[in-house]
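This report concerns only the one structure given below.
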Amino acid sequence: MKKKIGIPKCLLYYQYYPLWKVFFEELGAEVILSDNTTKKIMDDGVKLCVDEACLPIKLFYGHVLNIKDKVDYLFIPRLTSVSKNEYICPKFGGLPDMIKHTVKDLPKIIDTEINLRKSKKKAFTTALEIGQFFVSDKTKIKKAFKEAITSYGEYRKKVKQGVIPTDILDKKLSVVKKNDENMLNIAVIGHSYNLYDKYTNMNMIEKLKNNGINVITVDMVDGKIIDEKVKQLNKQMFWYFGRKAIGSAYHFMETGEIDGIIYLMAFGCGVDSFICDFIERKIRKNSEIPFIVLNIDEHTGEAGMDTRLEAFTDMIRWRYRDENNLSAHG
Amino acid sequence: MEKNSFYLGIDVGSVSTNLVITNEKDEVVEKLYLRTGGQPINALRKGMQILADKFNKNIKISGVGTTGSGRQLASVITGADVVKNEITTHAVAAQRLVTGVKTILEIGGQDSKIILLKKGVVYDFAMNTVCAAGTGSFLDRQAARLEISIEDFGTYALKSKSSVRIAGRCAVFAESDMIHKQQTGHSVEDIINGLCEALVRNYLNNLAKGKDIQEPIVFQGGVAANIGIVSAFKKALGKDIIIPKYYDVMGAYGAALIAKDKIEKQNNITKFYGFNAAKNDYKAKSMECGDCSNLCEIIEITSNDEVLARWGDRCGKWSDTKSNKESAG
């Protein structure tokens, strides 16, 4: 019988699932995902997790609870770094311990450290370590890793072409709904687990699309562009997400094709609180592009989100209408 | 009264429900400021009833606009032509009354906003984030605690002789600060003034940070009635503040203006159900849908057993069937 490995559908799932899935399947395991975030998952997570954590971390607990009894293994790697000379949020590193000491009756947890700070090559040795849980044959693991990297590459390619990650992961395409107004291009900056979890962000991307807006997210920006843009900074940004967000923000400012920028942040996120302010200052100083910050937490009242999104797009359209009027008369 | 064109603007907010009737010259012929009291349907019916008694036979409503956090609800009950967010309606209203306005400060019951305009167009805005400290309901609460009516709040503040610093970041912190200052013997006037300054400080730190506040500055929303806050704003900004004449119903006024604009431009006939629609019995029922683990909280609005609207579901199953009477309940 196939060994079942559970992956919580949150946090870095949105970034690495195509890689993880193929890797584990190539090793003969069956990958089981937790359900999409629901009210119950959120309630469970909020109840279990320390109060001071951000919402996405709380959700992780809920997803673990949702899936733990259906699997032989839970994949909760100790994520220290996913890029050279950069770190990610320290809570990701503490996640396996936080879960182990809070949640009872857990299956076996694969908590191998993923730390690519010194070299990308470390990814392969990490894969070998994780692979040992399923097979002992190193050639098999090597092959599985190669396939996984290919799958990840294809995923990244599609996202860079402008496909919303969840459209690929859920295998259904969302379409921009045409309306009477001109199409707008709105860029969205934020952690992938905030941007693509429809429950927590109250379906923000879909709402924009239904309003005749083409949504461009940070994940669609090519890594090379980001590398190039962040050279403008005085010193190196040591957060993986920070670099991605700032590089993308510069890119969005400079392409001349973006009509507005939304920063979606989770209340209580340390990284967001710095980066958001930094980006806002840059945008306001160097451009005229409309910018808005949207905060998410446990709220279920959608009116707040709807009002802000609606007002933001109204503002952009109003601005264009006015500019058009001006040019028509003089 | 002549049977001219009149427009109705409705703003259903968390604390107040406002109704405005405007004429063709965009003048307000009637304005109502009612307490929502947690029952938006009742407040709206009451408002419509008052207008019906006064105007029903005399005027014809050519267009209706709704706004505020209860704008969907108001739209369902009255048959609105436009449903607009508060930012847009407030900006439209302020521009109509104060030519060339560059900054709009608005403090309502549960939210506060700042709107910046350039060349007559909104170019930036911000709303309070997750906390309602520094809004009308915060002041309401503190006034109640000091056993002072909210209408007299400002007068007390102006009588203050020396300033007392109150924490404005959070309503709970402010309250414990106030109790402490009371117990050390500060006068009520000084404490109230300190509270006004705290609210303004919080507003400017939270919403206006990094923003260029240029004159003319308009201050609107229910809290603009509070002369203590107005004076604290003037002091903090060192600039003059204009209170527009319809300051407490600007959202509703803006909604009426936008409705007029739409009806005139598109040559439409209003969808307004008439003032008597409010005489109907409206019921809002909430239920938890158990079909999946989202457990959505569904709201259903019915009138005489007919389902007018449903919302609150994430999948669209309930809101899509709103016209289907059989599936009610």
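Chain labels A, B, ... are given in the sequence in which chains occur in the structure tokens; within each chain residues are numbered consecutively from 1, and ligands are likewise numbered from 1 in the order shown.
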
Using only C-alpha atoms, find each residue of chain B with at least one atom at most 7 Å away from an atom of chain A; report its shortest atom-to-atom pair and that distance in Å (one decimal), sort the rows by chain and rising residue number, and return the result as a tab-separated table.
residue	atom	partner	partner_atom	distance
B:Ser69	CA	A:Ala303	CA	6.2
B:Asn85	CA	A:Thr307	CA	5.4
B:Ile87	CA	A:Ala311	CA	5.9
B:Thr88	CA	A:Ala311	CA	6.2
B:Val121	CA	A:Arg319	CA	5.9
B:Val122	CA	A:Met315	CA	5.8
B:Tyr123	CA	A:Pro290	CA	6.6
B:Asp124	CA	A:Pro290	CA	6.5
B:Thr129	CA	A:Asn295	CA	6.7
B:Ser293	CA	A:Thr38	CA	5.9
B:Asn294	CA	A:Thr38	CA	4.5
B:Leu295	CA	A:Lys39	CA	6.4

- Task: Enumerate, as a ChimeraX atom specification, the complete set of residues in region 2-251 of chain A that a backbone-based DSSP assignment places in strand (DSSP E or B).
- Result: /A:4-7,30-33,73-75,78-81,87,108-110,113-115,184-189,213-217,239

Write out the residues from the selection above, keeping C-alpha atoms, as a compact mmCIF listing (two decimals), in the first residue's frame.
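The file below, out-v1.txt, is the result:
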# COMPACT_ATOMS: atom_id res chain seq x y z
CA LYS A 4 0.24 8.72 2.41
CA ILE A 5 1.90 12.08 2.87
CA GLY A 6 -0.14 15.07 3.93
CA ILE A 7 0.57 18.62 2.79
CA GLU A 30 0.29 9.31 -2.28
CA VAL A 31 -0.02 13.04 -1.70
CA ILE A 32 -3.04 14.15 0.32
CA LEU A 33 -3.91 17.83 0.54
CA TYR A 73 3.28 11.44 7.29
CA LEU A 74 2.89 15.19 7.55
CA PHE A 75 5.25 17.33 5.53
CA ARG A 78 11.88 23.39 8.87
CA LEU A 79 12.15 26.27 6.43
CA THR A 80 15.13 28.47 7.19
CA SER A 81 15.97 29.87 3.79
CA TYR A 87 16.05 34.26 5.20
CA LYS A 108 5.07 11.07 11.78
CA ILE A 109 6.35 14.48 10.82
CA ILE A 110 8.93 15.07 8.11
CA GLU A 113 15.53 21.52 7.42
CA ILE A 114 15.45 23.36 4.12
CA ASN A 115 18.24 25.89 4.18
CA LEU A 184 -7.24 48.15 -15.90
CA ASN A 185 -3.98 46.50 -14.89
CA ILE A 186 -3.65 46.31 -11.13
CA ALA A 187 -0.57 44.87 -9.47
CA VAL A 188 -0.91 43.06 -6.15
CA ILE A 189 1.97 42.72 -3.72
CA ILE A 213 -9.34 44.21 -13.92
CA ASN A 214 -6.34 42.27 -15.07
CA VAL A 215 -4.47 41.21 -11.94
CA ILE A 216 -0.68 41.02 -11.93
CA THR A 217 0.94 39.57 -8.82
CA TRP A 239 14.43 38.73 3.54

Residue contacts of Asp227 (chain A) (10 Å, only C-alpha atoms) excluding same-chain residues fewer than 4 positions away, as a PDB file with C-alpha atoms, in the first residue's frame:
ATOM      1  CA  ASP A 222      10.636  37.184 -13.470  1.00  0.00           C
ATOM      2  CA  GLY A 223      13.385  36.542 -10.918  1.00  0.00           C
ATOM      3  CA  LYS A 231      20.321  46.767  -7.282  1.00  0.00           C
ATOM      4  CA  GLN A 232      18.856  50.224  -6.684  1.00  0.00           C
ATOM      5  CA  ARG A 243      13.504  41.402  -1.995  1.00  0.00           C
ATOM      6  CA  LYS A 244      10.793  39.930  -4.179  1.00  0.00           C
ATOM      7  CA  GLY A 247      12.006  44.326  -6.808  1.00  0.00           C
ATOM      8  CA  SER A 248       8.487  43.824  -8.121  1.00  0.00           C
TER       9      SER A 248
END

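Shortest separation to Gly136 (chain B) among B:Asn205, B:Asn58, B:Ser16, B:Ser231 occurs at residue B:Ser16, atoms counted being only C-alpha atoms.
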
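Summary of the local environment: counting only C-alpha atoms, residues at most 9 Å from Pro56 (chain A), other than itself and those fewer than 4 positions away along its chain, are A:Cys10, A:Leu11, A:Phe60, A:Tyr193, A:Asn194, A:Thr200, A:Ala266, A:Asp297.
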
Atoms to include: N, CA and C atoms. Write the selected residues as a PDB file, in the first residue's frame.
ATOM      1  N   CYS A  10      -1.596  25.558   2.692  1.00  0.00           N
ATOM      2  CA  CYS A  10      -1.394  26.939   3.117  1.00  0.00           C
ATOM      3  C   CYS A  10       0.093  27.253   3.118  1.00  0.00           C
ATOM      4  N   LEU A  11       0.430  28.452   3.557  1.00  0.00           N
ATOM      5  CA  LEU A  11       1.822  28.932   3.543  1.00  0.00           C
ATOM      6  C   LEU A  11       2.505  28.647   2.195  1.00  0.00           C
ATOM      7  N   PHE A  60      -2.327  27.516   9.481  1.00  0.00           N
ATOM      8  CA  PHE A  60      -1.536  26.292   9.309  1.00  0.00           C
ATOM      9  C   PHE A  60      -1.983  25.237  10.330  1.00  0.00           C
ATOM     10  N   TYR A 193       0.659  33.161   0.209  1.00  0.00           N
ATOM     11  CA  TYR A 193      -0.408  32.530   0.994  1.00  0.00           C
ATOM     12  C   TYR A 193      -1.503  33.510   1.387  1.00  0.00           C
ATOM     13  N   ASN A 194      -1.257  34.793   1.263  1.00  0.00           N
ATOM     14  CA  ASN A 194      -2.337  35.760   1.462  1.00  0.00           C
ATOM     15  C   ASN A 194      -3.049  36.065   0.148  1.00  0.00           C
ATOM     16  N   THR A 200      -9.257  33.709   3.182  1.00  0.00           N
ATOM     17  CA  THR A 200      -8.727  34.788   4.026  1.00  0.00           C
ATOM     18  C   THR A 200      -8.802  36.153   3.360  1.00  0.00           C
ATOM     19  N   ALA A 266      -0.983  40.820   6.036  1.00  0.00           N
ATOM     20  CA  ALA A 266      -1.646  40.178   7.164  1.00  0.00           C
ATOM     21  C   ALA A 266      -1.347  40.999   8.409  1.00  0.00           C
ATOM     22  N   ASP A 297      -7.227  39.912   8.523  1.00  0.00           N
ATOM     23  CA  ASP A 297      -7.097  39.164   9.771  1.00  0.00           C
ATOM     24  C   ASP A 297      -8.292  38.212   9.829  1.00  0.00           C
TER      25      ASP A 297
END

- Task: Could you pull out the residues in region 239-270 of chain A that DSSP calls helix (DSSP H, G or I) from the backbone, as number ranges by chain?
- Result: A: 240-255, 270

Please save all heavy atoms of the selected residues as a compact mmCIF listing (two decimals), in the first residue's frame.
# COMPACT_ATOMS: atom_id res chain seq x y z
N TYR A 240 13.84 37.07 1.91
CA TYR A 240 13.47 36.57 0.59
C TYR A 240 12.24 37.31 0.07
O TYR A 240 12.23 37.83 -1.05
CB TYR A 240 13.20 35.07 0.68
CG TYR A 240 12.35 34.52 -0.43
CD1 TYR A 240 12.89 34.31 -1.69
CD2 TYR A 240 11.00 34.22 -0.22
CE1 TYR A 240 12.11 33.82 -2.71
CE2 TYR A 240 10.22 33.72 -1.23
CZ TYR A 240 10.76 33.53 -2.48
OH TYR A 240 10.00 33.05 -3.49
N PHE A 241 11.21 37.39 0.91
CA PHE A 241 9.98 38.04 0.45
C PHE A 241 10.19 39.53 0.22
O PHE A 241 9.66 40.11 -0.72
CB PHE A 241 8.84 37.82 1.44
CG PHE A 241 7.63 38.65 1.10
CD1 PHE A 241 6.81 38.30 0.04
CD2 PHE A 241 7.36 39.81 1.80
CE1 PHE A 241 5.73 39.09 -0.31
CE2 PHE A 241 6.28 40.61 1.46
CZ PHE A 241 5.46 40.25 0.40
N GLY A 242 10.97 40.13 1.12
CA GLY A 242 11.22 41.57 1.01
C GLY A 242 11.85 41.94 -0.32
O GLY A 242 11.45 42.90 -0.98
N ARG A 243 12.82 41.13 -0.74
CA ARG A 243 13.50 41.40 -2.00
C ARG A 243 12.55 41.25 -3.18
O ARG A 243 12.49 42.09 -4.07
CB ARG A 243 14.68 40.44 -2.16
CG ARG A 243 15.68 40.85 -3.21
CD ARG A 243 16.85 39.88 -3.22
NE ARG A 243 16.36 38.56 -3.60
CZ ARG A 243 16.44 38.08 -4.84
NH1 ARG A 243 17.00 38.79 -5.78
NH2 ARG A 243 15.96 36.90 -5.13
N LYS A 244 11.76 40.19 -3.11
CA LYS A 244 10.79 39.93 -4.18
C LYS A 244 9.78 41.08 -4.27
O LYS A 244 9.46 41.56 -5.36
CB LYS A 244 10.09 38.61 -3.84
CG LYS A 244 9.14 38.10 -4.87
CD LYS A 244 8.81 36.63 -4.53
CE LYS A 244 7.35 36.33 -4.72
NZ LYS A 244 6.99 34.97 -4.31
N ALA A 245 9.30 41.52 -3.12
CA ALA A 245 8.27 42.57 -3.09
C ALA A 245 8.84 43.89 -3.58
O ALA A 245 8.22 44.58 -4.40
CB ALA A 245 7.72 42.71 -1.68
N ILE A 246 10.03 44.24 -3.09
CA ILE A 246 10.61 45.53 -3.47
C ILE A 246 11.00 45.53 -4.94
O ILE A 246 10.72 46.48 -5.68
CB ILE A 246 11.82 45.86 -2.56
CG1 ILE A 246 11.32 46.15 -1.15
CG2 ILE A 246 12.59 47.06 -3.10
CD1 ILE A 246 12.40 46.28 -0.12
N GLY A 247 11.64 44.42 -5.40
CA GLY A 247 12.01 44.33 -6.81
C GLY A 247 10.79 44.45 -7.70
O GLY A 247 10.80 45.18 -8.70
N SER A 248 9.71 43.76 -7.32
CA SER A 248 8.49 43.82 -8.12
C SER A 248 7.90 45.23 -8.09
O SER A 248 7.42 45.73 -9.11
CB SER A 248 7.44 42.85 -7.58
OG SER A 248 7.97 41.57 -7.49
N ALA A 249 7.92 45.86 -6.93
CA ALA A 249 7.35 47.20 -6.82
C ALA A 249 8.07 48.17 -7.75
O ALA A 249 7.43 48.96 -8.46
CB ALA A 249 7.43 47.70 -5.38
N TYR A 250 9.41 48.09 -7.77
CA TYR A 250 10.17 48.94 -8.71
C TYR A 250 9.76 48.64 -10.14
O TYR A 250 9.55 49.53 -10.96
CB TYR A 250 11.67 48.68 -8.57
CG TYR A 250 12.33 49.42 -7.42
CD1 TYR A 250 13.11 48.75 -6.49
CD2 TYR A 250 12.19 50.80 -7.29
CE1 TYR A 250 13.73 49.43 -5.45
CE2 TYR A 250 12.79 51.48 -6.25
CZ TYR A 250 13.57 50.79 -5.33
OH TYR A 250 14.17 51.45 -4.31
N HIS A 251 9.63 47.34 -10.43
CA HIS A 251 9.25 46.92 -11.78
C HIS A 251 7.87 47.49 -12.15
O HIS A 251 7.70 48.07 -13.23
CB HIS A 251 9.25 45.39 -11.84
CG HIS A 251 8.71 44.83 -13.11
ND1 HIS A 251 9.33 44.99 -14.32
CD2 HIS A 251 7.58 44.10 -13.36
CE1 HIS A 251 8.61 44.40 -15.26
NE2 HIS A 251 7.56 43.85 -14.71
N PHE A 252 6.92 47.35 -11.23
CA PHE A 252 5.56 47.85 -11.49
C PHE A 252 5.56 49.37 -11.72
O PHE A 252 4.84 49.89 -12.55
CB PHE A 252 4.62 47.52 -10.33
CG PHE A 252 4.37 46.03 -10.14
CD1 PHE A 252 4.20 45.50 -8.87
CD2 PHE A 252 4.30 45.18 -11.23
CE1 PHE A 252 3.97 44.14 -8.69
CE2 PHE A 252 4.06 43.82 -11.06
CZ PHE A 252 3.91 43.30 -9.79
N MET A 253 6.40 50.04 -10.96
CA MET A 253 6.47 51.51 -11.08
C MET A 253 7.04 51.91 -12.43
O MET A 253 6.67 52.92 -13.00
CB MET A 253 7.40 52.07 -9.99
CG MET A 253 6.69 52.59 -8.79
SD MET A 253 7.85 53.51 -7.76
CE MET A 253 8.83 52.25 -7.03
N GLU A 254 8.00 51.12 -12.91
CA GLU A 254 8.76 51.56 -14.08
C GLU A 254 8.21 51.07 -15.42
O GLU A 254 8.58 51.60 -16.46
CB GLU A 254 10.23 51.13 -13.92
CG GLU A 254 10.92 51.91 -12.81
CD GLU A 254 12.20 51.25 -12.31
OE1 GLU A 254 12.69 50.32 -12.98
OE2 GLU A 254 12.70 51.67 -11.24
N THR A 255 7.33 50.05 -15.42
CA THR A 255 6.85 49.54 -16.72
C THR A 255 5.93 50.52 -17.43
O THR A 255 5.85 50.50 -18.65
CB THR A 255 6.05 48.23 -16.58
OG1 THR A 255 4.99 48.47 -15.66
CG2 THR A 255 6.90 47.08 -16.14
N GLY A 270 5.43 40.78 10.70
CA GLY A 270 6.60 41.63 10.91
C GLY A 270 7.23 42.08 9.61
O GLY A 270 7.54 43.25 9.41

- Query: What does the distance from CA of Lys140 (chain A) to CA of Glu26 (chain A) come to in Å, to one decimal?
  - Reply: 8.2 Å

Find the residues near Ser75 (chain B): any atom within 12 Å, counting only C-alpha atoms, skip ones fewer than 5 places away on the same chain, and give them as a short mmCIF file (atom, residue, chain, number, x, y, z; two decimals) with all heavy atoms, in the first residue's frame.
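result29.cif written:
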data_model
loop_
_atom_site.label_atom_id
_atom_site.label_comp_id
_atom_site.auth_asym_id
_atom_site.auth_seq_id
_atom_site.Cartn_x
_atom_site.Cartn_y
_atom_site.Cartn_z
N LEU B 8 -33.13 61.01 -4.27
CA LEU B 8 -33.04 60.51 -2.90
C LEU B 8 -31.67 59.85 -2.70
O LEU B 8 -31.25 59.01 -3.49
CB LEU B 8 -34.17 59.50 -2.67
CG LEU B 8 -34.21 58.75 -1.34
CD1 LEU B 8 -34.45 59.70 -0.17
CD2 LEU B 8 -35.31 57.68 -1.37
N GLY B 9 -31.00 60.27 -1.63
CA GLY B 9 -29.72 59.64 -1.28
C GLY B 9 -29.84 59.00 0.09
O GLY B 9 -30.39 59.61 1.01
N ILE B 10 -29.38 57.78 0.21
CA ILE B 10 -29.51 57.06 1.48
C ILE B 10 -28.14 56.53 1.90
O ILE B 10 -27.44 55.88 1.12
CB ILE B 10 -30.48 55.87 1.35
CG1 ILE B 10 -31.86 56.36 0.90
CG2 ILE B 10 -30.60 55.12 2.68
CD1 ILE B 10 -32.79 55.25 0.46
N ASP B 11 -27.76 56.81 3.13
CA ASP B 11 -26.49 56.33 3.67
C ASP B 11 -26.79 55.53 4.93
O ASP B 11 -27.15 56.08 5.96
CB ASP B 11 -25.58 57.54 3.98
CG ASP B 11 -24.24 57.12 4.56
OD1 ASP B 11 -24.03 55.92 4.81
OD2 ASP B 11 -23.39 58.01 4.77
N VAL B 12 -26.69 54.22 4.83
CA VAL B 12 -26.94 53.37 6.00
C VAL B 12 -25.58 53.03 6.62
O VAL B 12 -24.84 52.20 6.11
CB VAL B 12 -27.71 52.09 5.63
CG1 VAL B 12 -27.94 51.23 6.87
CG2 VAL B 12 -29.04 52.45 4.98
N ILE B 41 -32.79 48.06 9.08
CA ILE B 41 -34.07 48.01 8.36
C ILE B 41 -35.08 48.94 9.02
O ILE B 41 -35.76 49.72 8.35
CB ILE B 41 -34.61 46.56 8.30
CG1 ILE B 41 -33.65 45.70 7.48
CG2 ILE B 41 -36.00 46.53 7.68
CD1 ILE B 41 -34.11 44.28 7.26
N LEU B 44 -34.24 52.58 8.41
CA LEU B 44 -34.55 52.95 7.03
C LEU B 44 -36.06 53.11 6.83
O LEU B 44 -36.53 54.06 6.21
CB LEU B 44 -33.99 51.88 6.10
CG LEU B 44 -34.06 52.15 4.61
CD1 LEU B 44 -33.30 53.42 4.27
CD2 LEU B 44 -33.44 50.99 3.85
N GLY B 63 -34.50 59.58 -9.05
CA GLY B 63 -33.35 58.68 -8.94
C GLY B 63 -32.98 58.45 -7.49
O GLY B 63 -33.19 59.31 -6.64
N VAL B 64 -32.45 57.26 -7.20
CA VAL B 64 -32.07 56.91 -5.83
C VAL B 64 -30.65 56.35 -5.81
O VAL B 64 -30.29 55.53 -6.64
CB VAL B 64 -33.02 55.84 -5.24
CG1 VAL B 64 -32.64 55.50 -3.80
CG2 VAL B 64 -34.46 56.31 -5.30
N GLY B 65 -29.87 56.82 -4.84
CA GLY B 65 -28.53 56.27 -4.66
C GLY B 65 -28.35 55.84 -3.22
O GLY B 65 -28.84 56.49 -2.31
N THR B 66 -27.66 54.70 -3.01
CA THR B 66 -27.40 54.25 -1.64
C THR B 66 -25.91 54.11 -1.41
O THR B 66 -25.15 53.84 -2.33
CB THR B 66 -28.09 52.91 -1.33
OG1 THR B 66 -27.53 51.90 -2.17
CG2 THR B 66 -29.58 52.97 -1.52
N THR B 67 -25.52 54.29 -0.16
CA THR B 67 -24.12 54.16 0.20
C THR B 67 -24.03 53.73 1.67
O THR B 67 -25.05 53.50 2.30
CB THR B 67 -23.36 55.49 -0.05
OG1 THR B 67 -21.97 55.29 0.18
CG2 THR B 67 -23.84 56.59 0.88
N GLY B 68 -22.80 53.60 2.18
CA GLY B 68 -22.61 53.17 3.56
C GLY B 68 -22.49 51.67 3.66
O GLY B 68 -22.73 50.95 2.68
N SER B 69 -22.15 51.18 4.85
CA SER B 69 -21.93 49.74 4.97
C SER B 69 -23.21 48.94 4.74
O SER B 69 -23.17 47.77 4.43
CB SER B 69 -21.30 49.41 6.33
OG SER B 69 -21.98 50.07 7.36
N GLY B 70 -24.37 49.59 4.86
CA GLY B 70 -25.63 48.89 4.59
C GLY B 70 -26.20 49.24 3.23
O GLY B 70 -27.41 49.18 3.01
N ALA B 80 -32.68 50.98 -5.63
CA ALA B 80 -31.73 52.05 -5.93
C ALA B 80 -31.24 51.98 -7.37
O ALA B 80 -31.18 50.91 -7.97
CB ALA B 80 -30.55 51.96 -4.98
N ASP B 81 -30.90 53.14 -7.91
CA ASP B 81 -30.33 53.20 -9.26
C ASP B 81 -28.82 53.07 -9.21
O ASP B 81 -28.21 52.55 -10.14
CB ASP B 81 -30.72 54.52 -9.92
CG ASP B 81 -32.23 54.66 -10.02
OD1 ASP B 81 -32.83 53.81 -10.69
OD2 ASP B 81 -32.79 55.57 -9.41
N VAL B 82 -28.22 53.58 -8.14
CA VAL B 82 -26.77 53.39 -7.96
C VAL B 82 -26.47 52.97 -6.53
O VAL B 82 -27.11 53.43 -5.58
CB VAL B 82 -25.92 54.66 -8.27
CG1 VAL B 82 -25.65 54.80 -9.72
CG2 VAL B 82 -26.54 55.89 -7.69
N VAL B 83 -25.50 52.08 -6.39
CA VAL B 83 -25.01 51.65 -5.09
C VAL B 83 -23.52 51.98 -5.08
O VAL B 83 -22.77 51.41 -5.86
CB VAL B 83 -25.22 50.13 -4.91
CG1 VAL B 83 -24.78 49.67 -3.54
CG2 VAL B 83 -26.67 49.76 -5.15
N LYS B 84 -23.13 52.92 -4.26
CA LYS B 84 -21.74 53.39 -4.31
C LYS B 84 -21.06 53.31 -2.95
O LYS B 84 -21.70 53.44 -1.92
CB LYS B 84 -21.71 54.86 -4.76
CG LYS B 84 -21.51 55.04 -6.24
CD LYS B 84 -20.08 54.71 -6.67
CE LYS B 84 -20.06 54.45 -8.18
NZ LYS B 84 -18.97 53.62 -8.62
N ALA B 255 -24.49 60.34 -2.65
CA ALA B 255 -25.21 59.25 -3.33
C ALA B 255 -26.32 59.82 -4.21
O ALA B 255 -26.55 59.36 -5.33
CB ALA B 255 -25.77 58.28 -2.30
N LYS B 271 -35.54 53.11 -10.71
CA LYS B 271 -36.07 51.82 -10.27
C LYS B 271 -36.76 51.96 -8.92
O LYS B 271 -37.19 50.97 -8.32
CB LYS B 271 -34.92 50.81 -10.13
CG LYS B 271 -34.26 50.45 -11.42
CD LYS B 271 -33.17 49.39 -11.15
CE LYS B 271 -32.06 49.46 -12.16
NZ LYS B 271 -30.74 49.29 -11.55
N PHE B 272 -36.84 53.18 -8.41
CA PHE B 272 -37.38 53.45 -7.08
C PHE B 272 -38.77 52.81 -6.88
O PHE B 272 -39.64 52.96 -7.72
CB PHE B 272 -37.48 54.97 -6.90
CG PHE B 272 -37.92 55.41 -5.55
CD1 PHE B 272 -37.40 54.86 -4.39
CD2 PHE B 272 -38.88 56.43 -5.42
CE1 PHE B 272 -37.80 55.28 -3.14
CE2 PHE B 272 -39.29 56.87 -4.17
CZ PHE B 272 -38.74 56.29 -3.03
N TYR B 273 -38.92 52.11 -5.77
CA TYR B 273 -40.20 51.44 -5.50
C TYR B 273 -41.26 52.40 -4.96
O TYR B 273 -42.40 52.02 -4.78
CB TYR B 273 -40.01 50.32 -4.48
CG TYR B 273 -39.07 49.22 -4.91
CD1 TYR B 273 -38.31 48.53 -3.98
CD2 TYR B 273 -38.95 48.86 -6.25
CE1 TYR B 273 -37.43 47.52 -4.36
CE2 TYR B 273 -38.07 47.86 -6.64
CZ TYR B 273 -37.31 47.20 -5.71
OH TYR B 273 -36.46 46.22 -6.09
N ALA B 277 -43.08 51.76 -0.30
CA ALA B 277 -42.41 50.46 -0.19
C ALA B 277 -41.97 50.22 1.24
O ALA B 277 -41.90 49.08 1.71
CB ALA B 277 -41.21 50.41 -1.13
N ILE B 301 -33.39 38.55 3.09
CA ILE B 301 -34.33 39.65 3.31
C ILE B 301 -35.65 39.27 2.64
O ILE B 301 -35.70 38.99 1.45
CB ILE B 301 -33.82 40.97 2.68
CG1 ILE B 301 -32.38 41.26 3.11
CG2 ILE B 301 -34.75 42.13 3.02
CD1 ILE B 301 -32.20 41.61 4.55
N LEU B 308 -36.45 38.83 -1.17
CA LEU B 308 -35.95 39.93 -2.00
C LEU B 308 -34.48 39.74 -2.33
O LEU B 308 -34.03 40.06 -3.42
CB LEU B 308 -36.14 41.26 -1.28
CG LEU B 308 -37.57 41.68 -1.00
CD1 LEU B 308 -37.58 42.98 -0.23
CD2 LEU B 308 -38.35 41.84 -2.30
N ALA B 309 -33.74 39.28 -1.37
CA ALA B 309 -32.31 39.12 -1.60
C ALA B 309 -31.71 38.20 -0.56
O ALA B 309 -32.23 38.06 0.54
CB ALA B 309 -31.62 40.47 -1.55
#

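From CA of Ala225 (chain B) back to CA of Thr103 (chain B), the distance works out to 18.1 Å.
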
- Which residue out of B:Asn18, B:Arg35, B:Gly13, B:Gln266 has the minimum interatomic distance to Arg71 (chain B) when only C-alpha atoms are used? B:Gly13

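Relative to CA of Glu106 (chain B), CA of Gly222 (chain B) is found at 8.4 Å.
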
I'd like the neighbourhood of Ile104 (chain B) as a short mmCIF file (atom, residue, chain, number, x, y, z; two decimals) with all heavy atoms, in the first residue's frame, where a residue qualifies if any of its atoms comes within 7 Å (using only C-alpha atoms), though same-chain residues fewer than 3 positions away should be ignored.
data_model
loop_
_atom_site.label_atom_id
_atom_site.label_comp_id
_atom_site.auth_asym_id
_atom_site.auth_seq_id
_atom_site.Cartn_x
_atom_site.Cartn_y
_atom_site.Cartn_z
N ILE B 114 -9.51 59.53 5.12
CA ILE B 114 -8.93 60.76 4.60
C ILE B 114 -8.91 60.61 3.10
O ILE B 114 -8.61 59.54 2.57
CB ILE B 114 -7.52 61.02 5.17
CG1 ILE B 114 -7.00 62.36 4.68
CG2 ILE B 114 -6.54 59.90 4.83
CD1 ILE B 114 -5.78 62.87 5.44
N ILE B 115 -9.34 61.66 2.40
CA ILE B 115 -9.37 61.60 0.94
C ILE B 115 -8.60 62.81 0.42
O ILE B 115 -8.85 63.93 0.85
CB ILE B 115 -10.83 61.64 0.40
CG1 ILE B 115 -11.68 60.56 1.07
CG2 ILE B 115 -10.86 61.49 -1.11
CD1 ILE B 115 -13.17 60.66 0.78
N LEU B 116 -7.65 62.56 -0.46
CA LEU B 116 -6.88 63.66 -1.03
C LEU B 116 -7.26 63.82 -2.50
O LEU B 116 -7.38 62.84 -3.23
CB LEU B 116 -5.39 63.38 -0.92
CG LEU B 116 -4.86 63.10 0.50
CD1 LEU B 116 -3.37 62.82 0.46
CD2 LEU B 116 -5.16 64.24 1.44
N ILE B 217 -9.29 72.39 3.37
CA ILE B 217 -9.55 71.14 4.08
C ILE B 217 -11.02 71.12 4.54
O ILE B 217 -11.49 72.07 5.15
CB ILE B 217 -8.65 71.03 5.33
CG1 ILE B 217 -7.17 71.15 4.94
CG2 ILE B 217 -8.91 69.72 6.07
CD1 ILE B 217 -6.26 71.41 6.11
N VAL B 218 -11.68 70.06 4.22
CA VAL B 218 -13.08 69.90 4.62
C VAL B 218 -13.17 68.81 5.68
O VAL B 218 -12.51 67.77 5.55
CB VAL B 218 -13.95 69.55 3.39
CG1 VAL B 218 -15.29 69.00 3.81
CG2 VAL B 218 -14.12 70.75 2.50
N PHE B 219 -13.91 69.05 6.72
CA PHE B 219 -14.12 68.05 7.77
C PHE B 219 -15.59 67.68 7.79
O PHE B 219 -16.45 68.52 7.99
CB PHE B 219 -13.65 68.61 9.12
CG PHE B 219 -13.81 67.66 10.29
CD1 PHE B 219 -13.84 66.28 10.12
CD2 PHE B 219 -13.91 68.17 11.58
CE1 PHE B 219 -13.98 65.42 11.21
CE2 PHE B 219 -14.05 67.32 12.69
CZ PHE B 219 -14.08 65.94 12.49
#
